[in-house]
>>> print(open('coords_36.cif').read())   # mmCIF, C-alpha atoms
data_final
#
loop_
_atom_site.label_atom_id
_atom_site.label_comp_id
_atom_site.auth_asym_id
_atom_site.auth_seq_id
_atom_site.Cartn_x
_atom_site.Cartn_y
_atom_site.Cartn_z
CA MET M 1 17.70 31.39 22.37
CA ILE M 2 14.89 33.33 24.01
CA TRP M 3 12.28 30.70 23.25
CA LYS M 4 14.50 27.99 24.65
CA ILE M 5 14.59 29.87 27.97
CA PHE M 6 10.84 30.36 27.67
CA LEU M 7 10.35 26.63 27.09
CA PHE M 8 12.57 25.78 30.05
CA LEU M 9 10.61 28.11 32.34
CA LEU M 10 7.28 26.82 31.02
CA LEU M 11 8.12 23.16 31.56
CA THR M 12 9.63 23.87 34.98
CA PHE M 13 6.48 25.71 36.00
CA VAL M 14 4.23 22.95 34.65
CA SER M 15 6.18 20.20 36.40
CA ILE M 16 6.24 21.99 39.74
CA ALA M 17 2.62 23.13 39.49
CA GLY M 18 1.36 19.75 38.30
CA ILE M 19 2.98 17.89 41.16
CA THR M 20 2.77 20.28 44.10
CA PHE M 21 -0.51 22.19 43.78
CA PRO M 22 -2.84 20.84 46.45
CA ILE M 23 -6.13 19.12 45.77
CA VAL M 24 -8.94 20.46 47.97
CA GLU M 25 -12.71 19.99 48.24
CA LYS M 26 -13.64 23.53 47.27
CA PRO M 27 -10.89 25.37 45.42
CA SER M 28 -10.83 29.05 46.28
CA THR M 29 -7.48 30.35 45.00
CA TRP M 30 -5.98 29.83 41.56
CA TYR M 31 -3.38 27.29 42.71
CA GLU M 32 -5.83 24.75 44.09
CA PHE M 33 -7.20 21.81 42.12
CA PRO M 34 -10.69 20.41 42.66
CA PHE M 35 -11.23 17.03 44.30
CA ILE M 36 -12.49 14.51 41.74
CA PRO M 37 -14.26 11.56 43.39
CA GLY M 38 -12.61 8.23 42.60
CA LEU M 39 -9.38 9.81 41.36
CA ALA M 40 -8.17 12.17 44.10
CA GLU M 41 -4.38 12.59 43.81
CA ASN M 42 -4.24 10.19 40.83
CA ALA M 43 -5.78 12.91 38.68
CA LYS M 44 -2.45 14.72 38.49
CA ILE M 45 -1.13 12.19 35.96
CA ILE M 46 -3.16 14.03 33.35
CA PHE M 47 -0.51 16.74 33.14
CA PHE M 48 2.14 14.27 32.01
CA HIS M 49 0.34 11.26 30.57
CA VAL M 50 -1.96 13.02 28.12
CA PRO M 51 0.80 15.16 26.49
CA THR M 52 2.97 12.08 25.88
CA ALA M 53 0.04 10.17 24.37
CA TRP M 54 -0.84 13.21 22.25
CA LEU M 55 2.76 13.46 20.99
CA THR M 56 2.81 9.75 20.18
CA VAL M 57 -0.07 10.32 17.78
CA ILE M 58 1.37 13.59 16.40
CA ALA M 59 4.75 11.92 15.77
CA PHE M 60 3.05 8.99 14.03
CA LEU M 61 1.02 11.37 11.86
CA MET M 62 4.08 13.44 10.94
CA SER M 63 6.10 10.35 10.17
CA THR M 64 3.33 9.19 7.83
CA ILE M 65 3.02 12.59 6.14
CA TYR M 66 6.76 12.81 5.48
CA SER M 67 6.81 9.19 4.29
CA PHE M 68 4.10 10.08 1.81
CA LYS M 69 6.09 13.14 0.74
CA TYR M 70 9.15 10.96 0.25
CA LEU M 71 7.24 8.57 -2.01
CA LEU M 72 6.04 11.50 -4.12
CA LYS M 73 9.32 13.42 -4.42
CA LYS M 74 12.03 10.87 -3.54
CA ASN M 75 13.91 13.42 -1.46
CA LEU M 76 16.00 11.74 1.24
CA ASP M 77 15.58 14.73 3.57
CA ASP M 78 11.91 13.84 3.91
CA ASP M 79 12.92 10.33 4.93
CA ALA M 80 15.20 11.80 7.61
CA LYS M 81 12.27 13.86 8.90
CA ALA M 82 9.98 10.84 8.98
CA TYR M 83 12.64 8.73 10.69
CA SER M 84 13.32 11.39 13.32
CA ALA M 85 9.59 11.76 14.01
CA ALA M 86 9.29 7.99 14.41
CA GLN M 87 12.22 7.89 16.84
CA LEU M 88 10.61 10.54 19.03
CA GLY M 89 7.26 8.82 18.66
CA LEU M 90 8.73 5.62 20.06
CA ILE M 91 10.16 7.48 23.09
CA PHE M 92 6.86 9.22 23.82
CA CYS M 93 4.93 6.00 23.19
CA VAL M 94 6.99 4.18 25.82
CA LEU M 95 6.51 7.11 28.22
CA ALA M 96 2.74 7.14 27.64
CA THR M 97 2.54 3.36 28.14
CA VAL M 98 4.54 3.45 31.36
CA THR M 99 2.79 6.47 32.89
CA GLY M 100 -0.56 4.96 31.91
CA ALA M 101 0.33 1.60 33.44
CA VAL M 102 1.48 3.23 36.68
CA TRP M 103 -1.75 5.22 36.85
CA ALA M 104 -3.77 2.08 36.11
CA LYS M 105 -2.11 0.28 39.02
CA PHE M 106 -3.57 2.83 41.42
CA ALA M 107 -6.84 3.54 39.66
CA TRP M 108 -7.82 0.06 38.42
CA GLY M 109 -5.69 -2.15 40.66
CA GLN M 110 -3.36 -3.68 38.05
CA PHE M 111 -0.71 -2.44 35.66
CA TRP M 112 -2.15 -4.02 32.55
CA SER M 113 -5.70 -5.13 31.80
CA TRP M 114 -5.97 -5.07 27.94
CA ASP M 115 -8.23 -2.07 27.99
CA PRO M 116 -8.95 -0.83 24.41
CA ARG M 117 -6.63 2.12 24.88
CA GLN M 118 -3.90 -0.10 26.25
CA THR M 119 -4.33 -2.46 23.32
CA SER M 120 -4.12 0.44 20.86
CA ILE M 121 -0.98 1.90 22.41
CA PHE M 122 0.52 -1.57 22.45
CA ALA M 123 -0.24 -1.91 18.73
CA ILE M 124 1.40 1.46 18.03
CA LEU M 125 4.43 0.33 20.04
CA LEU M 126 4.59 -2.82 17.88
CA ILE M 127 4.29 -0.77 14.69
CA TYR M 128 7.18 1.47 15.73
CA GLY M 129 9.23 -1.57 16.71
CA ALA M 130 8.52 -3.26 13.38
CA LEU M 131 9.44 -0.08 11.51
CA PHE M 132 12.86 0.09 13.19
CA ALA M 133 13.42 -3.65 12.66
CA LEU M 134 12.65 -3.15 8.96
CA ARG M 135 14.93 -0.12 8.69
CA SER M 136 17.86 -1.83 10.33
CA SER M 137 17.59 -4.82 8.00
CA ILE M 138 18.13 -2.82 4.78
CA GLU M 139 21.46 -1.36 3.76
CA SER M 140 20.68 0.62 0.63
CA GLU M 141 19.48 4.12 1.54
CA ASP M 142 16.85 4.57 -1.16
CA LYS M 143 15.42 1.13 -0.68
CA ARG M 144 15.28 1.58 3.09
CA ALA M 145 13.49 4.89 2.72
CA THR M 146 10.96 3.57 0.18
CA LEU M 147 10.13 0.36 2.01
CA SER M 148 9.80 1.98 5.43
CA ALA M 149 7.64 4.72 3.91
CA VAL M 150 5.34 2.13 2.37
CA TYR M 151 5.20 0.21 5.63
CA SER M 152 4.36 3.27 7.71
CA LEU M 153 1.58 4.18 5.27
CA ILE M 154 0.10 0.67 5.50
CA ALA M 155 0.41 0.76 9.28
CA PHE M 156 -1.24 4.15 9.45
CA ILE M 157 -4.45 2.96 7.79
CA THR M 158 -4.96 0.42 10.56
CA VAL M 159 -5.09 3.20 13.17
CA PRO M 160 -8.79 4.08 12.64
CA PHE M 161 -9.60 0.45 13.40
CA PHE M 162 -7.88 0.76 16.76
CA ILE M 163 -9.63 4.02 17.60
CA PHE M 164 -13.16 3.04 16.53
CA VAL M 165 -13.15 -0.76 16.69
CA MET M 166 -11.40 -1.69 19.92
CA PRO M 167 -13.81 0.15 22.24
CA ARG M 168 -16.68 -1.72 20.62
CA ILE M 169 -15.14 -5.16 20.83
CA MET M 170 -13.66 -4.86 24.31
CA LYS M 171 -15.11 -3.19 27.35
CA GLY M 172 -13.17 -0.13 28.35
CA LEU M 173 -12.11 1.34 31.66
CA HIS M 174 -10.08 4.24 30.33
CA PRO M 175 -11.57 7.70 30.90
CA GLY M 176 -13.32 8.72 27.70
CA SER M 177 -14.31 5.27 26.41
CA ALA M 178 -17.78 4.52 25.12
CA GLU M 179 -19.39 2.84 28.14
CA ASP M 180 -17.92 5.23 30.63
CA SER M 181 -21.11 6.40 32.34
CA ASN M 182 -20.33 4.92 35.74
CA THR M 183 -16.63 4.05 35.78
CA GLY M 184 -14.76 7.18 34.79
CA PRO M 185 -15.61 10.27 36.75
CA ILE M 186 -13.21 12.45 34.81
CA VAL M 187 -15.18 12.22 31.58
CA ASP M 188 -17.45 15.13 32.25
CA PHE M 189 -14.18 16.91 32.84
CA GLN M 190 -14.58 18.12 36.33
CA MET M 191 -11.46 20.17 35.93
CA ASN M 192 -11.70 23.74 37.11
CA SER M 193 -10.08 26.62 35.26
CA SER M 194 -6.74 26.37 37.10
CA MET M 195 -6.44 22.68 36.29
CA GLN M 196 -7.31 23.34 32.67
CA LEU M 197 -4.74 26.13 32.54
CA ILE M 198 -1.94 23.87 33.75
CA PHE M 199 -3.16 21.07 31.47
CA PHE M 200 -3.07 23.21 28.32
CA LEU M 201 0.22 24.85 29.31
CA SER M 202 1.68 21.36 29.71
CA LEU M 203 0.28 20.32 26.32
CA ILE M 204 1.79 23.41 24.65
CA GLY M 205 5.11 23.00 26.45
CA PHE M 206 5.49 19.35 25.48
CA THR M 207 4.49 20.08 21.87
CA ILE M 208 7.16 22.81 21.57
CA LEU M 209 9.67 20.43 23.16
CA TYR M 210 8.74 17.78 20.59
CA PHE M 211 9.20 20.11 17.62
CA TRP M 212 12.55 21.28 18.94
CA MET M 213 13.77 17.71 19.48
CA TRP M 214 12.44 16.72 16.07
CA GLN M 215 14.34 19.53 14.37
CA VAL M 216 17.60 18.66 16.13
CA GLY M 217 16.99 14.99 15.29
CA TYR M 218 16.40 15.29 11.56
CA LYS M 219 19.15 17.88 11.06
CA SER M 220 21.66 15.58 12.73
CA ILE M 221 20.53 12.67 10.53
CA ILE M 222 20.95 14.78 7.38
CA PHE M 223 24.41 15.97 8.48
CA ARG M 224 25.47 12.44 9.32
CA ASP M 225 24.43 11.19 5.88
CA LYS M 226 26.33 14.04 4.21
CA LEU M 227 29.47 13.28 6.22
CA ASN M 228 29.18 9.59 5.41
CA LYS M 229 29.05 10.42 1.70
CA GLN M 230 32.10 12.68 1.97
CA VAL M 231 34.06 9.99 3.75
CA MET M 232 33.19 7.48 1.06
CA ILE M 233 34.26 9.81 -1.75
CA MET O 1 -4.30 -7.63 -17.71
CA ILE O 2 -6.55 -10.35 -16.33
CA ALA O 3 -5.15 -12.87 -18.80
CA LYS O 4 -1.59 -11.91 -17.84
CA SER O 5 -2.25 -12.19 -14.11
CA TYR O 6 -3.92 -15.53 -14.69
CA ALA O 7 -0.82 -16.66 -16.61
CA LEU O 8 1.32 -15.54 -13.69
CA PHE O 9 -0.92 -17.42 -11.27
CA LYS O 10 -0.70 -20.52 -13.46
CA LYS O 11 3.09 -20.27 -13.50
CA ASP O 12 3.20 -20.13 -9.70
CA PHE O 13 0.69 -22.94 -9.46
CA CYS O 14 2.66 -25.21 -11.80
CA SER O 15 5.99 -24.54 -10.12
CA GLU O 16 4.31 -25.21 -6.78
CA LEU O 17 2.91 -28.52 -8.05
CA ARG O 18 6.36 -29.47 -9.28
CA THR O 19 8.22 -28.88 -6.02
CA ARG O 20 5.31 -29.02 -3.53
CA TYR O 21 7.46 -26.94 -1.19
CA ALA O 22 4.72 -24.69 0.23
CA ILE O 23 2.07 -27.40 0.40
CA ASN O 24 4.29 -29.90 2.22
CA SER O 25 5.75 -27.42 4.70
CA LEU O 26 2.36 -25.85 5.41
CA ALA O 27 0.69 -29.24 5.98
CA MET O 28 3.45 -30.28 8.36
CA PHE O 29 3.31 -26.92 10.11
CA ILE O 30 -0.43 -27.26 10.70
CA ILE O 31 -0.02 -30.76 12.12
CA VAL O 32 2.86 -29.70 14.37
CA ALA O 33 1.07 -26.59 15.65
CA ILE O 34 -2.18 -28.38 16.42
CA SER O 35 -0.42 -31.30 18.12
CA VAL O 36 1.57 -28.91 20.31
CA ILE O 37 -1.70 -27.29 21.38
CA LEU O 38 -3.29 -30.70 22.02
CA PHE O 39 -0.30 -31.86 24.08
CA SER O 40 -0.34 -28.73 26.19
CA ILE O 41 -4.08 -29.05 26.81
CA GLY O 42 -3.77 -32.67 27.87
CA ASN O 43 -6.95 -34.08 29.35
CA GLU O 44 -8.49 -30.75 30.26
CA THR O 45 -11.49 -29.34 28.48
CA ILE O 46 -10.88 -25.81 27.31
CA THR O 47 -13.57 -23.15 26.98
CA GLU O 48 -15.22 -22.08 23.75
CA SER O 49 -13.55 -18.68 23.75
CA LEU O 50 -10.13 -20.26 24.13
CA THR O 51 -10.86 -22.68 21.27
CA GLY O 52 -11.90 -19.79 19.02
CA GLY O 53 -8.78 -17.85 19.94
CA LEU O 54 -6.44 -20.80 19.38
CA PHE O 55 -8.08 -21.42 16.01
CA TRP O 56 -6.95 -17.99 14.81
CA VAL O 57 -3.54 -18.34 16.46
CA VAL O 58 -2.85 -21.42 14.33
CA ILE O 59 -4.19 -19.65 11.22
CA PHE O 60 -1.97 -16.61 11.84
CA PHE O 61 1.25 -18.55 12.36
CA THR O 62 0.57 -20.93 9.47
CA ALA O 63 0.06 -17.92 7.20
CA MET O 64 3.28 -16.40 8.51
CA SER O 65 5.23 -19.57 7.77
CA GLY O 66 4.01 -20.05 4.21
CA LEU O 67 2.84 -16.89 2.50
CA ALA O 68 6.19 -15.08 2.29
CA ARG O 69 7.19 -17.50 -0.48
CA ALA O 70 5.20 -15.64 -3.14
CA PHE O 71 7.71 -12.86 -3.62
CA VAL O 72 10.77 -14.26 -1.86
CA SER O 73 11.01 -17.10 -4.42
CA GLU O 74 11.11 -14.56 -7.28
CA GLU O 75 13.97 -12.69 -5.62
CA GLU O 76 15.83 -15.91 -4.86
CA ARG O 77 15.64 -17.15 -8.42
CA GLY O 78 16.43 -13.69 -9.74
CA THR O 79 13.32 -13.64 -11.90
CA SER O 80 11.80 -10.45 -10.51
CA LEU O 81 13.57 -8.26 -13.11
CA THR O 82 12.04 -10.30 -15.91
CA LEU O 83 8.63 -9.93 -14.32
CA GLN O 84 9.13 -6.16 -14.14
CA LEU O 85 9.81 -6.12 -17.89
CA ILE O 86 6.86 -8.19 -19.03
CA ALA O 87 4.05 -7.07 -16.72
CA SER O 88 2.77 -3.97 -14.94
CA PRO O 89 3.00 -3.92 -11.11
CA SER O 90 -0.74 -4.31 -10.59
CA THR O 91 -0.78 -7.39 -12.85
CA VAL O 92 2.02 -8.99 -10.84
CA PHE O 93 0.23 -8.17 -7.61
CA THR O 94 -3.05 -9.65 -8.86
CA GLY O 95 -1.34 -12.88 -9.87
CA LYS O 96 0.48 -13.26 -6.57
CA LEU O 97 -2.62 -12.32 -4.59
CA LEU O 98 -4.69 -14.93 -6.43
CA PHE O 99 -2.13 -17.61 -5.59
CA ASN O 100 -1.98 -16.58 -1.95
CA VAL O 101 -5.78 -16.43 -1.61
CA ILE O 102 -6.08 -20.00 -2.88
CA LEU O 103 -3.25 -21.14 -0.60
CA VAL O 104 -4.85 -19.46 2.43
CA PHE O 105 -8.24 -21.01 1.64
CA CYS O 106 -6.79 -24.52 1.31
CA MET O 107 -4.77 -24.36 4.50
CA ASN O 108 -7.53 -22.76 6.57
CA LEU O 109 -10.02 -25.34 5.35
CA ILE O 110 -7.68 -28.08 6.59
CA ILE O 111 -7.23 -26.26 9.91
CA ALA O 112 -11.02 -25.89 10.33
CA ILE O 113 -11.65 -29.55 9.55
CA LEU O 114 -8.93 -30.68 11.97
CA TYR O 115 -10.25 -28.37 14.67
CA SER O 116 -13.82 -29.60 14.35
CA ALA O 117 -12.56 -33.19 14.56
CA LEU O 118 -10.11 -32.74 17.45
CA PHE O 119 -11.62 -30.06 19.70
CA GLU O 120 -14.90 -30.97 21.36
CA ARG O 121 -15.85 -27.35 22.03
CA PHE O 122 -15.42 -26.35 18.38
CA VAL O 123 -19.17 -26.50 17.71
CA VAL O 124 -20.56 -23.96 15.27
CA GLN O 125 -24.17 -23.00 15.94
CA ASN O 126 -24.55 -20.35 13.25
CA PHE O 127 -22.86 -21.96 10.28
CA PRO O 128 -23.51 -19.23 7.64
CA LEU O 129 -21.98 -16.62 9.95
CA PHE O 130 -18.92 -18.81 10.48
CA MET O 131 -18.50 -19.34 6.73
CA LEU O 132 -18.81 -15.62 6.03
CA THR O 133 -16.24 -14.80 8.73
CA PHE O 134 -13.97 -17.50 7.37
CA VAL O 135 -14.15 -16.19 3.78
CA LEU O 136 -13.78 -12.50 4.66
CA GLY O 137 -11.03 -13.20 7.18
CA ASN O 138 -9.10 -15.29 4.67
CA ILE O 139 -9.28 -12.58 2.02
CA GLY O 140 -8.03 -9.95 4.48
CA LEU O 141 -5.26 -12.26 5.67
CA ALA O 142 -4.16 -12.99 2.10
CA VAL O 143 -4.16 -9.31 1.04
CA SER O 144 -2.18 -8.04 4.04
CA SER O 145 0.32 -10.86 3.99
CA THR O 146 0.89 -10.51 0.23
CA ILE O 147 1.80 -6.82 0.46
CA ILE O 148 4.03 -7.43 3.50
CA ALA O 149 5.64 -10.35 1.66
CA ALA O 150 6.52 -7.95 -1.15
CA ILE O 151 8.22 -5.61 1.34
CA ILE O 152 10.08 -8.52 2.95
CA ALA O 153 11.30 -9.85 -0.40
CA LYS O 154 12.72 -6.46 -1.36
CA ALA O 155 14.23 -5.97 2.10
CA GLY O 156 16.22 -9.16 1.64
CA ALA O 157 15.52 -10.24 5.20
CA LYS O 158 13.52 -13.42 5.18
CA GLY O 159 11.99 -15.33 8.03
CA THR O 160 11.90 -13.57 11.35
CA LEU O 161 10.95 -10.11 10.12
CA TYR O 162 7.75 -11.32 8.43
CA PRO O 163 5.57 -12.00 11.51
CA VAL O 164 6.99 -8.88 13.19
CA LEU O 165 5.82 -6.66 10.34
CA SER O 166 2.53 -8.47 9.75
CA PHE O 167 1.24 -8.72 13.28
CA PRO O 168 0.36 -5.04 13.92
CA ILE O 169 -1.27 -4.85 10.47
CA LEU O 170 -3.30 -8.02 10.99
CA LEU O 171 -4.23 -7.31 14.63
CA PRO O 172 -7.56 -5.53 13.94
CA LEU O 173 -8.61 -8.29 11.52
CA ILE O 174 -7.68 -11.13 13.85
CA LEU O 175 -9.34 -9.57 16.91
CA THR O 176 -12.56 -9.01 14.98
CA CYS O 177 -12.49 -12.49 13.47
CA VAL O 178 -11.97 -14.08 16.91
CA GLN O 179 -15.02 -12.15 18.11
CA LEU O 180 -17.08 -13.26 15.10
CA THR O 181 -16.01 -16.88 15.55
CA LEU O 182 -17.20 -16.73 19.16
CA PHE O 183 -20.50 -15.25 17.93
CA SER O 184 -20.93 -18.17 15.54
CA PHE O 185 -20.24 -20.61 18.42
CA ASP O 186 -22.90 -18.87 20.52
CA GLY O 187 -25.40 -18.86 17.66
CA THR O 188 -25.63 -15.07 17.45
CA SER O 189 -27.79 -13.80 14.60
CA PHE O 190 -26.50 -11.79 11.62
CA GLU O 191 -28.38 -8.75 12.89
CA GLU O 192 -26.33 -8.61 16.10
CA ALA O 193 -23.02 -9.34 14.36
CA LYS O 194 -23.41 -6.82 11.55
CA PHE O 195 -21.07 -4.22 13.12
CA GLU O 196 -18.21 -6.72 13.31
CA LEU O 197 -18.94 -7.98 9.80
CA ALA O 198 -18.84 -4.40 8.55
CA ILE O 199 -15.41 -3.96 10.17
CA VAL O 200 -14.02 -7.03 8.40
CA VAL O 201 -15.47 -5.95 5.03
CA GLY O 202 -14.07 -2.45 5.57
CA TYR O 203 -10.65 -3.86 6.45
CA ASP O 204 -10.60 -6.03 3.32
CA VAL O 205 -11.59 -3.17 1.01
CA ILE O 206 -9.19 -0.62 2.55
CA MET O 207 -6.25 -3.03 2.57
CA LEU O 208 -6.91 -4.11 -1.03
CA THR O 209 -7.04 -0.50 -2.24
CA ALA O 210 -3.95 0.57 -0.28
CA SER O 211 -2.01 -2.49 -1.45
CA TYR O 212 -2.70 -1.78 -5.12
CA MET O 213 -1.73 1.88 -4.66
CA LEU O 214 1.48 1.19 -2.73
CA PHE O 215 2.69 -1.89 -4.58
CA ASP O 216 4.07 0.26 -7.44
CA PHE O 217 6.56 1.89 -5.05
CA ILE O 218 7.75 -1.45 -3.70
CA TRP O 219 8.03 -3.20 -7.02
CA LYS O 220 9.87 -0.57 -9.05
CA ASP O 221 13.48 -0.33 -8.03
#
>>> encode(input="coords_36.cif", output="structure tokens")
Amino acid sequence: MIWKIFLFLLLTFVSIAGITFPIVEKPSTWYEFPFIPGLAENAKIIFFHVPTAWLTVIAFLMSTIYSFKYLLKKNLDDDAKAYSAAQLGLIFCVLATVTGAVWAKFAWGQFWSWDPRQTSIFAILLIYGALFALRSSIESEDKRATLSAVYSLIAFITVPFFIFVMPRIMKGLHPGSAEDSNTGPIVDFQMNSSMQLIFFLSLIGFTILYFWMWQVGYKSIIFRDKLNKQVMI
Amino acid sequence: MIAKSYALFKKDFCSELRTRYAINSLAMFIIVAISVILFSIGNETITESLTGGLFWVVIFFTAMSGLARAFVSEEERGTSLTLQLIASPSTVFTGKLLFNVILVFCMNLIIAILYSALFERFVVQNFPLFMLTFVLGNIGLAVSSTIIAAIIAKAGAKGTLYPVLSFPILLPLILTCVQLTLFSFDGTSFEEAKFELAIVVGYDVIMLTASYMLFDFIWKD
């Protein structure tokens, strides 16, 4: 119970701090963020966009790991864990796409421009969508678990291509891409210590939130399956 | 094992020659797809990059319409249990892959010939680069679509699910192949295109390895 209160306070603080702390030329107190040329107020998206994108990847990784575990041990609980991780991954993936598109509207002038990062997140969105389409088409539990595990493993090995290949093939605008020397001023991370503090607190808060939601999610799936079996018997 | 997979390939080949289901439907699909593109273009001249992109669009959708047959037909006829008894999973996969590779090569050859005849901007400057892209791209396409076809056949959902599952898997391959095709139109040398070629080779090798490792789980009920 205590850590739930702690999480609530942490996320409340991060949300309020991330939105309301002023951006000034020369920060003097701890609650002032530095002015980053070219980004200005847009820079505040980093407190909400980056954690969602980070959790998208973490959820995808965990879904793959539990899929792999399912294939090795054939324990349906692992499938529930992978499924729950994928569900959360889809939610965070949509959030990351939307927050990123809104930011891009103000920073680059349009919502969508097929930047390498946008293409990659779109591909991950498609993979999640395909995974749920596959799952809903199969009735038998074991078969559904096996086939979706195999599919998520195959999908996972395409991820390195998106991370390393896309930036080479397409020119990128996103902060942190390869040819970023003149476009993205945030790359040399002109965040001061207060901005970094809020950023990492936000990252930690969202990660704890994810693990909590994941636990609730997979436990409810396991209970539901048990109840279904009892009803059938 | 090689003899057995060849026998399996021969069985598929003979049954295909008898019904000509895949060949006929694929040929018609190619004609329909290309004529739709030609109608929508009308009298306008499209750019080289658009021609290269449309070339791979037709290849992707033709593959999606024909390659699922390999495993779906076994499930439909109820012969997959017999196959499980007489051959190991990797043998079955090799046989099916061989059939699909040949099918992909035939259909893409037809598409390439039709494109070079019908599209005036489809002019290849660096022919060896185009051929290499074509061969590597076809192998990658055949490998990925064969393993997805196996999943689809076991899932019992034919048709619509196949392109949905295949597209994210094939996206890196198709994007790189489009880029390489544009390079071959521009007459770019091998030296400049070697990074993209390395990506396609890497994709083929990784997908082939992963398919052989994961096919056991799909095939054994």
>>> atom_distance(input="coords_36.cif", atom1="CA of Leu98 in chain O", atom2="CA of Asn24 in chain O")
19.5 Å
>>> resolve_selection(input="coords_36.cif", expression="the PyMOL selection byres ((chain O) within 10 of (chain M))", output="PyMOL selection string")
chain O and resi 144+147-148+150-152+154-158+161-173+175-176+179+195-196+199+202-203+206-207+210-211+213-215+217-219+221
>>> resolve_selection(input="coords_36.cif", expression="the PyMOL selection byres ((chain M and resi 64) around 9)", output="NGL selection string")
:M and (59-63 or 65-69 or 82 or 86 or 149 or 152-153 or 156)
>>> write_last_selection(input="coords_36.cif", atoms="C-alpha atoms", output="mmCIF file, keeping the file's coordinate frame")
data_model
loop_
_atom_site.group_PDB
_atom_site.id
_atom_site.type_symbol
_atom_site.label_atom_id
_atom_site.label_comp_id
_atom_site.auth_asym_id
_atom_site.auth_seq_id
_atom_site.Cartn_x
_atom_site.Cartn_y
_atom_site.Cartn_z
ATOM 1 C CA ALA M 59 4.750 11.920 15.770
ATOM 2 C CA PHE M 60 3.050 8.990 14.030
ATOM 3 C CA LEU M 61 1.020 11.370 11.860
ATOM 4 C CA MET M 62 4.080 13.440 10.940
ATOM 5 C CA SER M 63 6.100 10.350 10.170
ATOM 6 C CA ILE M 65 3.020 12.590 6.140
ATOM 7 C CA TYR M 66 6.760 12.810 5.480
ATOM 8 C CA SER M 67 6.810 9.190 4.290
ATOM 9 C CA PHE M 68 4.100 10.080 1.810
ATOM 10 C CA LYS M 69 6.090 13.140 0.740
ATOM 11 C CA ALA M 82 9.980 10.840 8.980
ATOM 12 C CA ALA M 86 9.290 7.990 14.410
ATOM 13 C CA ALA M 149 7.640 4.720 3.910
ATOM 14 C CA SER M 152 4.360 3.270 7.710
ATOM 15 C CA LEU M 153 1.580 4.180 5.270
ATOM 16 C CA PHE M 156 -1.240 4.150 9.450
#
>>> residues_around(input="coords_36.cif", residues="Glu76 in chain O", least_positions_apart="2", cutoff="12 Å", atoms="all atoms listed in the file", output="list in words")
Arg69, Ala70, Phe71, Val72, Ser73, Glu74, Gly78, Thr79, Ser80, Leu81, Ala153, Lys154, Gly156, Ala157 and Lys158 of chain O
>>> atom_distance(input="coords_36.cif", atom1="CA of Tyr212 in chain O", atom2="CA of Val143 in chain O")
9.8 Å
>>> resolve_selection(input="coords_36.cif", expression="the PyMOL selection byres ((chain O and resi 182) around 12)", output="ChimeraX atom specification")
/M:169 /O:47-56,121-127,129-130,133,175-181,183-189,193,196
>>> atom_distance(input="coords_36.cif", atom1="CA of Phe132 in chain M", atom2="CA of Trp112 in chain M")
24.8 Å
>>> decode(input="coords_36.cif", residues="range 96-112 of chain O", atoms="C-alpha atoms", output="CSV table (one decimal), in the first residue's frame")
chain,number,residue,atom,x,y,z
O,96,LYS,CA,7.9,-26.0,-48.9
O,97,LEU,CA,10.6,-23.2,-49.0
O,98,LEU,CA,12.0,-24.6,-52.2
O,99,PHE,CA,8.6,-24.6,-53.8
O,100,ASN,CA,7.9,-21.0,-52.7
O,101,VAL,CA,11.3,-19.8,-53.8
O,102,ILE,CA,10.7,-21.1,-57.3
O,103,LEU,CA,7.2,-19.7,-57.3
O,104,VAL,CA,8.5,-16.2,-56.2
O,105,PHE,CA,11.2,-16.2,-58.8
O,106,CYS,CA,8.8,-17.1,-61.6
O,107,MET,CA,6.2,-14.5,-60.7
O,108,ASN,CA,8.7,-11.7,-60.0
O,109,LEU,CA,10.5,-12.4,-63.3
O,110,ILE,CA,7.1,-11.9,-65.1
O,111,ILE,CA,6.5,-8.8,-63.1
O,112,ALA,CA,9.9,-7.4,-64.0
